[in-house]
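**Student:** I'm passing along run-v3.pdb; it holds PDB, C-alpha atoms, pLDDT in the B column.
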ATOM      1  CA  MET A 116      -1.812  -3.905  24.569  1.00 86.00           C
ATOM      2  CA  ALA A 117       0.598  -3.617  21.630  1.00 89.00           C
ATOM      3  CA  TRP A 118      -1.712  -5.894  19.646  1.00 92.00           C
ATOM      4  CA  ILE A 119      -4.693  -3.631  20.254  1.00 94.00           C
ATOM      5  CA  VAL A 120      -2.622  -0.627  19.171  1.00 95.00           C
ATOM      6  CA  LEU A 121      -1.587  -2.533  16.053  1.00 94.00           C
ATOM      7  CA  VAL A 122      -5.172  -3.418  15.126  1.00 95.00           C
ATOM      8  CA  LEU A 123      -6.158   0.231  15.675  1.00 95.00           C
ATOM      9  CA  ALA A 124      -3.289   1.259  13.363  1.00 95.00           C
ATOM     10  CA  GLY A 125      -4.653  -1.111  10.708  1.00 94.00           C
ATOM     11  CA  LEU A 126      -8.194   0.266  11.153  1.00 95.00           C
ATOM     12  CA  CYS A 127      -6.860   3.831  10.757  1.00 96.00           C
ATOM     13  CA  GLU A 128      -5.163   2.760   7.544  1.00 93.00           C
ATOM     14  CA  MET A 129      -8.469   1.340   6.334  1.00 94.00           C
ATOM     15  CA  LEU A 130     -10.181   4.602   7.254  1.00 94.00           C
ATOM     16  CA  GLY A 131      -7.497   6.531   5.335  1.00 94.00           C
ATOM     17  CA  VAL A 132      -8.183   4.538   2.168  1.00 93.00           C
ATOM     18  CA  PHE A 133     -11.924   5.044   2.689  1.00 93.00           C
ATOM     19  CA  MET A 134     -11.474   8.811   3.089  1.00 93.00           C
ATOM     20  CA  MET A 135      -9.368   8.833  -0.060  1.00 92.00           C
ATOM     21  CA  GLY A 136     -12.294   7.390  -1.999  1.00 91.00           C
ATOM     22  CA  ARG A 137     -14.766   9.732  -0.317  1.00 91.00           C
ATOM     23  CA  MET A 138     -12.607  12.727  -1.172  1.00 91.00           C
ATOM     24  CA  TYR A 139     -12.986  11.943  -4.879  1.00 89.00           C
ATOM     25  CA  GLN A 140     -16.674  11.215  -4.524  1.00 87.00           C
ATOM     26  CA  LYS A 141     -17.627  14.298  -2.520  1.00 87.00           C
ATOM     27  CA  ARG A 142     -14.807  16.606  -3.590  1.00 86.00           C
ATOM     28  CA  ASN A 143     -14.535  18.307  -0.206  1.00 87.00           C
ATOM     29  CA  VAL A 144     -11.659  19.490   1.963  1.00 91.00           C
ATOM     30  CA  GLN A 145     -13.069  17.742   5.039  1.00 92.00           C
ATOM     31  CA  SER A 146     -12.439  14.272   3.620  1.00 92.00           C
ATOM     32  CA  PHE A 147      -8.899  15.330   2.706  1.00 92.00           C
ATOM     33  CA  ILE A 148      -8.213  16.412   6.289  1.00 94.00           C
ATOM     34  CA  TYR A 149      -9.738  13.185   7.672  1.00 94.00           C
ATOM     35  CA  MET A 150      -7.615  11.189   5.238  1.00 93.00           C
ATOM     36  CA  VAL A 151      -4.364  12.889   6.279  1.00 93.00           C
ATOM     37  CA  ALA A 152      -5.333  12.522   9.956  1.00 96.00           C
ATOM     38  CA  ALA A 153      -6.170   8.814   9.531  1.00 95.00           C
ATOM     39  CA  PHE A 154      -2.932   7.991   7.671  1.00 92.00           C
ATOM     40  CA  SER A 155      -0.847   9.977  10.194  1.00 92.00           C
ATOM     41  CA  MET A 156      -2.551   8.332  13.157  1.00 95.00           C
ATOM     42  CA  SER A 157      -2.040   4.947  11.542  1.00 94.00           C
ATOM     43  CA  PHE A 158       1.716   5.558  11.181  1.00 88.00           C
ATOM     44  CA  GLY A 159       1.994   6.787  14.746  1.00 91.00           C
ATOM     45  CA  LEU A 160       0.168   3.772  16.179  1.00 94.00           C
ATOM     46  CA  LEU A 161       2.217   1.396  14.018  1.00 91.00           C
ATOM     47  CA  ALA A 162       5.422   2.951  15.368  1.00 88.00           C
ATOM     48  CA  ILE A 163       4.173   2.444  18.947  1.00 91.00           C
ATOM     49  CA  ALA A 164       3.192  -1.188  18.254  1.00 91.00           C
ATOM     50  CA  MET A 165       6.593  -1.868  16.695  1.00 87.00           C
ATOM     51  CA  LYS A 166       8.360  -0.949  19.909  1.00 87.00           C
ATOM     52  CA  THR A 167       7.249  -4.245  21.429  1.00 90.00           C
ATOM     53  CA  LEU A 168       6.185  -6.443  18.499  1.00 89.00           C
ATOM     54  CA  PRO A 169       8.579  -7.850  15.877  1.00 85.00           C
ATOM     55  CA  MET A 170       8.749  -5.459  12.922  1.00 81.00           C
ATOM     56  CA  GLY A 171       7.889  -7.987  10.199  1.00 83.00           C
ATOM     57  CA  THR A 172       4.849  -9.299  12.057  1.00 88.00           C
ATOM     58  CA  ALA A 173       3.594  -5.816  12.891  1.00 89.00           C
ATOM     59  CA  TYR A 174       4.011  -4.667   9.290  1.00 86.00           C
ATOM     60  CA  ALA A 175       2.299  -7.746   7.861  1.00 88.00           C
ATOM     61  CA  ILE A 176      -0.782  -7.378  10.064  1.00 91.00           C
ATOM     62  CA  TRP A 177      -0.974  -3.623   9.540  1.00 91.00           C
ATOM     63  CA  THR A 178      -0.772  -3.977   5.746  1.00 89.00           C
ATOM     64  CA  GLY A 179      -3.235  -6.852   5.742  1.00 90.00           C
ATOM     65  CA  ILE A 180      -5.931  -4.995   7.688  1.00 93.00           C
ATOM     66  CA  GLY A 181      -5.342  -1.722   5.802  1.00 92.00           C
ATOM     67  CA  ALA A 182      -5.305  -3.016   2.249  1.00 92.00           C
ATOM     68  CA  ALA A 183      -7.896  -5.800   2.573  1.00 92.00           C
ATOM     69  CA  GLY A 184     -10.168  -3.489   4.568  1.00 92.00           C
ATOM     70  CA  GLY A 185      -9.647  -0.707   2.042  1.00 91.00           C
ATOM     71  CA  ALA A 186     -10.555  -3.006  -0.840  1.00 93.00           C
ATOM     72  CA  ILE A 187     -13.690  -4.295   0.935  1.00 92.00           C
ATOM     73  CA  LEU A 188     -14.811  -0.778   1.908  1.00 92.00           C
ATOM     74  CA  GLY A 189     -14.212   0.324  -1.693  1.00 91.00           C
ATOM     75  CA  MET A 190     -16.615  -2.366  -2.884  1.00 92.00           C
ATOM     76  CA  ILE A 191     -19.265  -1.590  -0.262  1.00 92.00           C
ATOM     77  CA  ALA A 192     -19.076   2.207  -0.135  1.00 90.00           C
ATOM     78  CA  PHE A 193     -17.993   3.199  -3.642  1.00 89.00           C
ATOM     79  CA  GLY A 194     -19.376   0.353  -5.747  1.00 88.00           C
ATOM     80  CA  GLU A 195     -15.927  -0.775  -6.905  1.00 91.00           C
ATOM     81  CA  SER A 196     -15.914  -3.973  -8.964  1.00 89.00           C
ATOM     82  CA  LYS A 197     -16.743  -7.222  -7.121  1.00 90.00           C
ATOM     83  CA  ASP A 198     -15.525  -9.266 -10.098  1.00 90.00           C
ATOM     84  CA  TRP A 199     -14.149 -12.558  -8.714  1.00 92.00           C
ATOM     85  CA  ARG A 200     -10.965 -12.128 -10.774  1.00 92.00           C
ATOM     86  CA  ARG A 201     -10.330  -8.761  -9.118  1.00 92.00           C
ATOM     87  CA  ILE A 202     -10.796 -10.345  -5.673  1.00 93.00           C
ATOM     88  CA  VAL A 203      -8.432 -13.222  -6.599  1.00 94.00           C
ATOM     89  CA  PHE A 204      -5.717 -10.832  -7.837  1.00 93.00           C
ATOM     90  CA  ILE A 205      -5.979  -8.526  -4.809  1.00 93.00           C
ATOM     91  CA  THR A 206      -5.787 -11.620  -2.569  1.00 93.00           C
ATOM     92  CA  MET A 207      -2.637 -12.753  -4.444  1.00 93.00           C
ATOM     93  CA  ILE A 208      -1.004  -9.333  -3.960  1.00 94.00           C
ATOM     94  CA  LEU A 209      -1.926  -9.187  -0.271  1.00 93.00           C
ATOM     95  CA  GLY A 210      -0.980 -12.802   0.428  1.00 93.00           C
ATOM     96  CA  ALA A 211       2.447 -12.331  -1.182  1.00 93.00           C
ATOM     97  CA  THR A 212       2.950  -8.980   0.565  1.00 93.00           C
ATOM     98  CA  ILE A 213       2.162 -10.452   3.976  1.00 92.00           C
ATOM     99  CA  GLY A 214       4.428 -13.431   3.217  1.00 92.00           C
ATOM    100  CA  LEU A 215       7.319 -11.131   2.254  1.00 91.00           C
ATOM    101  CA  LYS A 216       6.901  -9.032   5.402  1.00 88.00           C
ATOM    102  CA  LEU A 217       6.947 -12.136   7.572  1.00 87.00           C
ATOM    103  CA  MET A 218      10.089 -13.634   5.964  1.00 84.00           C
TER     104      MET A 218
ATOM    105  CA  MET B 154      -5.395   4.764 -17.858  1.00 64.00           C
ATOM    106  CA  ASN B 155      -1.893   3.410 -18.512  1.00 85.00           C
ATOM    107  CA  LEU B 156      -0.434   6.674 -17.260  1.00 89.00           C
ATOM    108  CA  THR B 157      -2.286   6.250 -13.966  1.00 92.00           C
ATOM    109  CA  TRP B 158      -0.820   2.753 -13.534  1.00 93.00           C
ATOM    110  CA  LEU B 159       2.613   4.185 -14.273  1.00 94.00           C
ATOM    111  CA  GLN B 160       1.921   6.782 -11.605  1.00 95.00           C
ATOM    112  CA  VAL B 161       1.175   4.046  -9.024  1.00 95.00           C
ATOM    113  CA  ILE B 162       4.431   2.296 -10.006  1.00 95.00           C
ATOM    114  CA  ILE B 163       6.419   5.532  -9.540  1.00 96.00           C
ATOM    115  CA  ALA B 164       4.674   6.045  -6.183  1.00 96.00           C
ATOM    116  CA  ALA B 165       5.868   2.565  -5.148  1.00 95.00           C
ATOM    117  CA  VAL B 166       9.451   3.421  -6.199  1.00 95.00           C
ATOM    118  CA  PHE B 167       9.363   6.454  -3.895  1.00 95.00           C
ATOM    119  CA  GLU B 168       7.867   4.228  -1.193  1.00 92.00           C
ATOM    120  CA  VAL B 169      10.927   1.963  -1.461  1.00 93.00           C
ATOM    121  CA  GLY B 170      13.010   5.123  -1.095  1.00 93.00           C
ATOM    122  CA  TRP B 171      11.421   6.146   2.197  1.00 90.00           C
ATOM    123  CA  VAL B 172      11.337   2.636   3.658  1.00 87.00           C
ATOM    124  CA  ILE B 173      15.110   2.443   3.044  1.00 88.00           C
ATOM    125  CA  GLY B 174      15.435   5.970   4.433  1.00 89.00           C
ATOM    126  CA  LEU B 175      13.555   5.142   7.653  1.00 84.00           C
ATOM    127  CA  LYS B 176      15.926   2.230   8.188  1.00 83.00           C
ATOM    128  CA  HIS B 177      19.249   3.705   7.065  1.00 85.00           C
ATOM    129  CA  ALA B 178      19.102   7.523   7.052  1.00 88.00           C
ATOM    130  CA  SER B 179      21.600   9.141   9.426  1.00 90.00           C
ATOM    131  CA  THR B 180      22.418  12.621   8.078  1.00 92.00           C
ATOM    132  CA  PRO B 181      20.012  15.605   7.835  1.00 94.00           C
ATOM    133  CA  LEU B 182      20.278  15.400   4.051  1.00 94.00           C
ATOM    134  CA  GLU B 183      19.234  11.740   4.064  1.00 93.00           C
ATOM    135  CA  TRP B 184      16.331  12.466   6.403  1.00 93.00           C
ATOM    136  CA  THR B 185      15.183  15.324   4.150  1.00 94.00           C
ATOM    137  CA  ALA B 186      15.278  12.978   1.160  1.00 95.00           C
ATOM    138  CA  THR B 187      13.260  10.426   3.165  1.00 92.00           C
ATOM    139  CA  VAL B 188      10.551  12.968   4.009  1.00 93.00           C
ATOM    140  CA  ILE B 189      10.400  14.108   0.377  1.00 95.00           C
ATOM    141  CA  CYS B 190       9.977  10.460  -0.685  1.00 94.00           C
ATOM    142  CA  ILE B 191       7.077  10.020   1.773  1.00 92.00           C
ATOM    143  CA  ILE B 192       5.310  13.125   0.442  1.00 93.00           C
ATOM    144  CA  VAL B 193       5.881  12.308  -3.245  1.00 96.00           C
ATOM    145  CA  SER B 194       4.849   8.651  -2.889  1.00 95.00           C
ATOM    146  CA  PHE B 195       1.618   9.448  -1.028  1.00 92.00           C
ATOM    147  CA  TYR B 196       0.808  12.359  -3.338  1.00 93.00           C
ATOM    148  CA  LEU B 197       1.124  10.175  -6.459  1.00 95.00           C
ATOM    149  CA  MET B 198      -0.772   7.280  -4.849  1.00 93.00           C
ATOM    150  CA  ILE B 199      -3.644   9.459  -3.637  1.00 91.00           C
ATOM    151  CA  GLN B 200      -3.914  11.214  -6.986  1.00 92.00           C
ATOM    152  CA  ALA B 201      -4.127   7.870  -8.786  1.00 92.00           C
ATOM    153  CA  GLY B 202      -7.249   7.192  -6.684  1.00 90.00           C
ATOM    154  CA  SER B 203      -9.115   9.744  -8.779  1.00 89.00           C
ATOM    155  CA  LYS B 204      -8.867   7.535 -11.879  1.00 90.00           C
ATOM    156  CA  LEU B 205      -8.669   3.982 -10.487  1.00 91.00           C
ATOM    157  CA  PRO B 206     -10.591   2.156  -7.710  1.00 92.00           C
ATOM    158  CA  VAL B 207      -9.004   3.116  -4.356  1.00 91.00           C
ATOM    159  CA  GLY B 208      -8.934  -0.525  -3.205  1.00 91.00           C
ATOM    160  CA  THR B 209      -6.891  -1.424  -6.285  1.00 93.00           C
ATOM    161  CA  VAL B 210      -4.554   1.560  -6.013  1.00 94.00           C
ATOM    162  CA  TYR B 211      -3.750   0.958  -2.367  1.00 92.00           C
ATOM    163  CA  ALA B 212      -3.190  -2.815  -2.741  1.00 94.00           C
ATOM    164  CA  VAL B 213      -0.871  -2.294  -5.726  1.00 95.00           C
ATOM    165  CA  PHE B 214       0.966   0.554  -3.996  1.00 94.00           C
ATOM    166  CA  VAL B 215       1.614  -1.467  -0.847  1.00 93.00           C
ATOM    167  CA  GLY B 216       2.410  -4.672  -2.779  1.00 94.00           C
ATOM    168  CA  LEU B 217       4.883  -3.144  -5.220  1.00 94.00           C
ATOM    169  CA  GLY B 218       6.480  -1.137  -2.408  1.00 92.00           C
ATOM    170  CA  THR B 219       7.073  -4.347  -0.453  1.00 92.00           C
ATOM    171  CA  ALA B 220       8.399  -6.243  -3.487  1.00 93.00           C
ATOM    172  CA  GLY B 221      10.727  -3.321  -4.244  1.00 93.00           C
ATOM    173  CA  THR B 222      11.955  -3.079  -0.655  1.00 91.00           C
ATOM    174  CA  VAL B 223      12.705  -6.811  -0.455  1.00 92.00           C
ATOM    175  CA  THR B 224      14.496  -6.626  -3.824  1.00 93.00           C
ATOM    176  CA  ALA B 225      16.547  -3.611  -2.710  1.00 92.00           C
ATOM    177  CA  ASP B 226      17.435  -5.452   0.516  1.00 89.00           C
ATOM    178  CA  MET B 227      18.755  -8.366  -1.526  1.00 91.00           C
ATOM    179  CA  LEU B 228      20.530  -6.320  -4.227  1.00 92.00           C
ATOM    180  CA  ILE B 229      21.944  -3.414  -2.210  1.00 90.00           C
ATOM    181  CA  PHE B 230      22.032  -4.431   1.439  1.00 88.00           C
ATOM    182  CA  GLY B 231      23.214  -8.020   1.079  1.00 87.00           C
ATOM    183  CA  GLU B 232      20.131  -9.769   2.486  1.00 88.00           C
ATOM    184  CA  PRO B 233      20.126 -13.464   1.516  1.00 90.00           C
ATOM    185  CA  VAL B 234      18.418 -14.285  -1.775  1.00 91.00           C
ATOM    186  CA  GLN B 235      15.846 -16.986  -0.994  1.00 92.00           C
ATOM    187  CA  LEU B 236      13.721 -18.966  -3.403  1.00 94.00           C
ATOM    188  CA  GLY B 237      10.650 -18.286  -1.248  1.00 93.00           C
ATOM    189  CA  LYS B 238      11.106 -14.518  -1.569  1.00 93.00           C
ATOM    190  CA  LEU B 239      11.494 -14.726  -5.351  1.00 94.00           C
ATOM    191  CA  LEU B 240       8.401 -16.917  -5.550  1.00 95.00           C
ATOM    192  CA  LEU B 241       6.307 -14.482  -3.492  1.00 94.00           C
ATOM    193  CA  ILE B 242       7.530 -11.556  -5.609  1.00 94.00           C
ATOM    194  CA  ALA B 243       6.508 -13.481  -8.746  1.00 95.00           C
ATOM    195  CA  ILE B 244       3.016 -14.160  -7.299  1.00 94.00           C
ATOM    196  CA  LEU B 245       2.731 -10.504  -6.301  1.00 94.00           C
ATOM    197  CA  LEU B 246       3.680  -9.238  -9.768  1.00 95.00           C
ATOM    198  CA  ALA B 247       1.295 -11.725 -11.397  1.00 94.00           C
ATOM    199  CA  GLY B 248      -1.457 -10.342  -9.158  1.00 93.00           C
ATOM    200  CA  VAL B 249      -0.660  -6.753 -10.151  1.00 93.00           C
ATOM    201  CA  ILE B 250      -0.607  -7.593 -13.870  1.00 93.00           C
ATOM    202  CA  GLY B 251      -3.850  -9.562 -13.562  1.00 92.00           C
ATOM    203  CA  LEU B 252      -5.470  -6.722 -11.660  1.00 92.00           C
ATOM    204  CA  LYS B 253      -4.429  -4.271 -14.349  1.00 91.00           C
ATOM    205  CA  LEU B 254      -5.930  -6.512 -17.054  1.00 90.00           C
ATOM    206  CA  VAL B 255      -9.316  -6.943 -15.339  1.00 89.00           C
ATOM    207  CA  THR B 256      -9.478  -3.260 -14.345  1.00 85.00           C
ATOM    208  CA  GLY B 257      -9.107  -2.422 -18.049  1.00 67.00           C
ATOM    209  CA  ASP B 258     -12.092  -4.687 -18.786  1.00 50.00           C
ATOM    210  CA  ASP B 259     -14.212  -2.954 -16.185  1.00 47.00           C
ATOM    211  CA  LYS B 260     -13.609   0.545 -17.495  1.00 45.00           C
ATOM    212  CA  GLU B 261     -14.616  -0.553 -20.974  1.00 42.00           C
ATOM    213  CA  GLU B 262     -17.752  -2.249 -19.709  1.00 39.00           C
ATOM    214  CA  HIS B 263     -18.850   0.842 -17.827  1.00 40.00           C
ATOM    215  CA  ALA B 264     -17.805   3.356 -20.473  1.00 33.00           C
TER     216      ALA B 264
END
How does the structure come out when it is put into structure tokens?

**Tutor:**
Amino acid sequence: MAWIVLVLAGLCEMLGVFMMGRMYQKRNVQSFIYMVAAFSMSFGLLAIAMKTLPMGTAYAIWTGIGAAGGAILGMIAFGESKDWRRIVFITMILGATIGLKLM
Amino acid sequence: MNLTWLQVIIAAVFEVGWVIGLKHASTPLEWTATVICIIVSFYLMIQAGSKLPVGTVYAVFVGLGTAGTVTADMLIFGEPVQLGKLLLIAILLAGVIGLKLVTGDDKEEHA
């Protein structure tokens, strides 16, 4: 159960990043509200998941889903660069971040 | 362009502030400071998304925040300094610098 909550938290984080991009594309208040709601929900779910899962593990998975998902959605939905170097560097940042959270 | 990157870096510094706060805050004053750090860090990060790709901004924000938190743990809170941690921080920073360099290229190509 905690794992499902954790994955949902990560998906909310992804949605928050997506709404952030949409807010700048569409310039509307709606996206802003969705973004705040998604980030808040994500934090809440993460806190619930952390009650049973080890903190480092929970954080690593949450960050991984949120940031990798955000980057992929950015490429698909907002036409952000798919340059292989950009993908390599983002992977380096995420890989190191997840490693640090797990240590 | 450079100012926006600086803004993401400052956002990450405030992120380190609230991560430490969530762990260590005990007085109302410390909790207030923690909440202010959360608001400032997210405000700066979200605003940077207007000038830079959101995928980039968020990855750098989260990455630098983590590197900063681990560093603060080692420097201030006496966590053991491990070679593995230093290595991961180095990889992370290399990724951020690389990302900044290729993002610069992109903007010029599209300009």

**Student:** Which neighbours of Gly125 (chain A) fall inside 7 Å, counting all atoms listed in the file, when residues of the same chain fewer than 6 positions from it are skipped, and could you give them as a PyMOL selection string?

**Tutor:** chain A and resi 157+177-178+180-181

**Student:** I need the residue nearest Gly174 (chain B) from this list: B:Gln160, B:Val249, B:Ile191, B:Val223. Use only C-alpha atoms for the distance.

**Tutor:**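 Selected residue with least distance to Gly174 (chain B): B:Ile191.
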
**Student:** Using all atoms listed in the file, which residues sit within 8 Å of Ile162 (chain B) once same-chain residues fewer than 3 positions away are excluded, as number ranges by chain?

**Tutor:** B: 158-159, 165-166, 214, 217

**Student:** Just to be explicit: take each residue in the selection above, keep C-alpha atoms, and write the result as an mmCIF file, in the coordinates of the input.

**Tutor:**
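Dumped to result29.cif:
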data_model
loop_
_atom_site.group_PDB
_atom_site.id
_atom_site.type_symbol
_atom_site.label_atom_id
_atom_site.label_comp_id
_atom_site.auth_asym_id
_atom_site.auth_seq_id
_atom_site.Cartn_x
_atom_site.Cartn_y
_atom_site.Cartn_z
ATOM 1 C CA TRP B 158 -0.820 2.753 -13.534
ATOM 2 C CA LEU B 159 2.613 4.185 -14.273
ATOM 3 C CA ALA B 165 5.868 2.565 -5.148
ATOM 4 C CA VAL B 166 9.451 3.421 -6.199
ATOM 5 C CA PHE B 214 0.966 0.554 -3.996
ATOM 6 C CA LEU B 217 4.883 -3.144 -5.220
#

**Student:** So that I can see what lies close to Ala186 (chain A), please list as a VMD selection string the residues with an atom at most 6 Å from it, counting all atoms listed in the file and leaving out residues fewer than 3 positions away in the same chain.

**Tutor:** (chain A and resid 183 189) or (chain B and resid 208)

**Student:** Exactly which residues make up the result of the ChimeraX specification (/A :<10) & /B on this file, given as an MDAnalysis selection string?

**Tutor:** chainID B and resid 195 198:200 202:220 222:223 235 237:256 259:260

**Student:** What is the distance, in Å and to one decimal place, between CA of Phe167 (chain B) and CA of Ala175 (chain A)?

**Tutor:** 19.7 Å

**Student:** Kindly give the distance, in Å, that separates CA of Leu197 (chain B) and CA of Ala164 (chain B), rounded to a single decimal.

**Tutor:**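 Here the two named atoms are 5.5 Å from each other.
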
**Student:** Would you give the centre and edge lengths, in Å to one decimal, of a box along x, y and z around the listed atoms of region 209-223 of chain B, with 6 Å added to each side, as lines of an AutoDock Vina configuration file?

**Tutor:**
center_x = 2.9
center_y = -2.6
center_z = -3.4
size_x = 31.6
size_y = 20.4
size_z = 17.8

**Student:** Just give me the gap between CA of Val122 (chain A) and CA of Phe147 (chain A) in Å, one decimal is fine.

**Tutor:**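 These two atoms are separated by 22.8 Å.
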
**Student:** Write out as an mmCIF file with C-alpha atoms, in the frame of the given file the residues lying within 8 Å of Ala153 (chain A), counting all atoms listed in the file and excluding same-chain residues fewer than 2 positions away.

**Tutor:**
data_model
loop_
_atom_site.group_PDB
_atom_site.id
_atom_site.type_symbol
_atom_site.label_atom_id
_atom_site.label_comp_id
_atom_site.auth_asym_id
_atom_site.auth_seq_id
_atom_site.Cartn_x
_atom_site.Cartn_y
_atom_site.Cartn_z
ATOM 1 C CA CYS A 127 -6.860 3.831 10.757
ATOM 2 C CA GLU A 128 -5.163 2.760 7.544
ATOM 3 C CA LEU A 130 -10.181 4.602 7.254
ATOM 4 C CA GLY A 131 -7.497 6.531 5.335
ATOM 5 C CA TYR A 149 -9.738 13.185 7.672
ATOM 6 C CA MET A 150 -7.615 11.189 5.238
ATOM 7 C CA VAL A 151 -4.364 12.889 6.279
ATOM 8 C CA SER A 155 -0.847 9.977 10.194
ATOM 9 C CA MET A 156 -2.551 8.332 13.157
ATOM 10 C CA SER A 157 -2.040 4.947 11.542
#

**Student:** Using the chain letters and numbers from the file, give me the residues hit by the PyMOL selection byres ((chain A and resi 120) around 10), as a ChimeraX atom specification.

**Tutor:** /A:116-119,121-126,157,159-165

**Student:** Missing atoms in region 171-193 of chain A: fill them in up to N, CA and C atoms and send the result as a PDB file, in the frame of the given file.

**Tutor:**
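This went into part_28.pdb:
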ATOM      1  N   GLY A 171       8.513  -7.306  11.332  1.00 83.00           N
ATOM      2  CA  GLY A 171       7.889  -7.987  10.199  1.00 83.00           C
ATOM      3  C   GLY A 171       6.449  -8.358  10.485  1.00 83.00           C
ATOM      4  N   THR A 172       6.201  -8.898  11.666  1.00 88.00           N
ATOM      5  CA  THR A 172       4.849  -9.299  12.057  1.00 88.00           C
ATOM      6  C   THR A 172       3.930  -8.086  12.105  1.00 88.00           C
ATOM      7  N   ALA A 173       4.406  -7.022  12.759  1.00 89.00           N
ATOM      8  CA  ALA A 173       3.594  -5.816  12.891  1.00 89.00           C
ATOM      9  C   ALA A 173       3.227  -5.263  11.519  1.00 89.00           C
ATOM     10  N   TYR A 174       4.227  -5.176  10.644  1.00 86.00           N
ATOM     11  CA  TYR A 174       4.011  -4.667   9.290  1.00 86.00           C
ATOM     12  C   TYR A 174       3.003  -5.509   8.520  1.00 86.00           C
ATOM     13  N   ALA A 175       3.162  -6.840   8.622  1.00 88.00           N
ATOM     14  CA  ALA A 175       2.299  -7.746   7.861  1.00 88.00           C
ATOM     15  C   ALA A 175       0.842  -7.563   8.269  1.00 88.00           C
ATOM     16  N   ILE A 176       0.592  -7.495   9.573  1.00 91.00           N
ATOM     17  CA  ILE A 176      -0.782  -7.378  10.064  1.00 91.00           C
ATOM     18  C   ILE A 176      -1.361  -6.010   9.707  1.00 91.00           C
ATOM     19  N   TRP A 177      -0.554  -4.992   9.869  1.00 91.00           N
ATOM     20  CA  TRP A 177      -0.974  -3.623   9.540  1.00 91.00           C
ATOM     21  C   TRP A 177      -1.372  -3.512   8.068  1.00 91.00           C
ATOM     22  N   THR A 178      -0.490  -4.001   7.186  1.00 89.00           N
ATOM     23  CA  THR A 178      -0.772  -3.977   5.746  1.00 89.00           C
ATOM     24  C   THR A 178      -2.013  -4.782   5.414  1.00 89.00           C
ATOM     25  N   GLY A 179      -2.109  -5.973   6.031  1.00 90.00           N
ATOM     26  CA  GLY A 179      -3.235  -6.852   5.742  1.00 90.00           C
ATOM     27  C   GLY A 179      -4.561  -6.196   6.068  1.00 90.00           C
ATOM     28  N   ILE A 180      -4.677  -5.652   7.288  1.00 93.00           N
ATOM     29  CA  ILE A 180      -5.931  -4.995   7.688  1.00 93.00           C
ATOM     30  C   ILE A 180      -6.200  -3.791   6.786  1.00 93.00           C
ATOM     31  N   GLY A 181      -5.164  -2.962   6.563  1.00 92.00           N
ATOM     32  CA  GLY A 181      -5.342  -1.722   5.802  1.00 92.00           C
ATOM     33  C   GLY A 181      -5.759  -1.965   4.366  1.00 92.00           C
ATOM     34  N   ALA A 182      -5.046  -2.840   3.683  1.00 92.00           N
ATOM     35  CA  ALA A 182      -5.305  -3.016   2.249  1.00 92.00           C
ATOM     36  C   ALA A 182      -6.545  -3.870   1.998  1.00 92.00           C
ATOM     37  N   ALA A 183      -6.701  -4.970   2.762  1.00 92.00           N
ATOM     38  CA  ALA A 183      -7.896  -5.800   2.573  1.00 92.00           C
ATOM     39  C   ALA A 183      -9.131  -5.000   2.972  1.00 92.00           C
ATOM     40  N   GLY A 184      -9.046  -4.308   4.115  1.00 92.00           N
ATOM     41  CA  GLY A 184     -10.168  -3.489   4.568  1.00 92.00           C
ATOM     42  C   GLY A 184     -10.494  -2.398   3.574  1.00 92.00           C
ATOM     43  N   GLY A 185      -9.449  -1.772   3.036  1.00 91.00           N
ATOM     44  CA  GLY A 185      -9.647  -0.707   2.042  1.00 91.00           C
ATOM     45  C   GLY A 185     -10.366  -1.233   0.810  1.00 91.00           C
ATOM     46  N   ALA A 186      -9.941  -2.421   0.356  1.00 93.00           N
ATOM     47  CA  ALA A 186     -10.555  -3.006  -0.840  1.00 93.00           C
ATOM     48  C   ALA A 186     -12.025  -3.344  -0.580  1.00 93.00           C
ATOM     49  N   ILE A 187     -12.307  -3.914   0.609  1.00 92.00           N
ATOM     50  CA  ILE A 187     -13.690  -4.295   0.935  1.00 92.00           C
ATOM     51  C   ILE A 187     -14.569  -3.047   1.070  1.00 92.00           C
ATOM     52  N   LEU A 188     -14.037  -2.023   1.775  1.00 92.00           N
ATOM     53  CA  LEU A 188     -14.811  -0.778   1.908  1.00 92.00           C
ATOM     54  C   LEU A 188     -15.066  -0.145   0.541  1.00 92.00           C
ATOM     55  N   GLY A 189     -14.050  -0.227  -0.339  1.00 91.00           N
ATOM     56  CA  GLY A 189     -14.212   0.324  -1.693  1.00 91.00           C
ATOM     57  C   GLY A 189     -15.386  -0.332  -2.408  1.00 91.00           C
ATOM     58  N   MET A 190     -15.522  -1.650  -2.221  1.00 92.00           N
ATOM     59  CA  MET A 190     -16.615  -2.366  -2.884  1.00 92.00           C
ATOM     60  C   MET A 190     -17.964  -1.980  -2.270  1.00 92.00           C
ATOM     61  N   ILE A 191     -17.996  -1.883  -0.934  1.00 92.00           N
ATOM     62  CA  ILE A 191     -19.265  -1.590  -0.262  1.00 92.00           C
ATOM     63  C   ILE A 191     -19.665  -0.128  -0.446  1.00 92.00           C
ATOM     64  N   ALA A 192     -18.712   0.792  -0.196  1.00 90.00           N
ATOM     65  CA  ALA A 192     -19.076   2.207  -0.135  1.00 90.00           C
ATOM     66  C   ALA A 192     -19.042   2.901  -1.499  1.00 90.00           C
ATOM     67  N   PHE A 193     -18.149   2.463  -2.384  1.00 89.00           N
ATOM     68  CA  PHE A 193     -17.993   3.199  -3.642  1.00 89.00           C
ATOM     69  C   PHE A 193     -18.364   2.368  -4.863  1.00 89.00           C
TER      70      PHE A 193
END
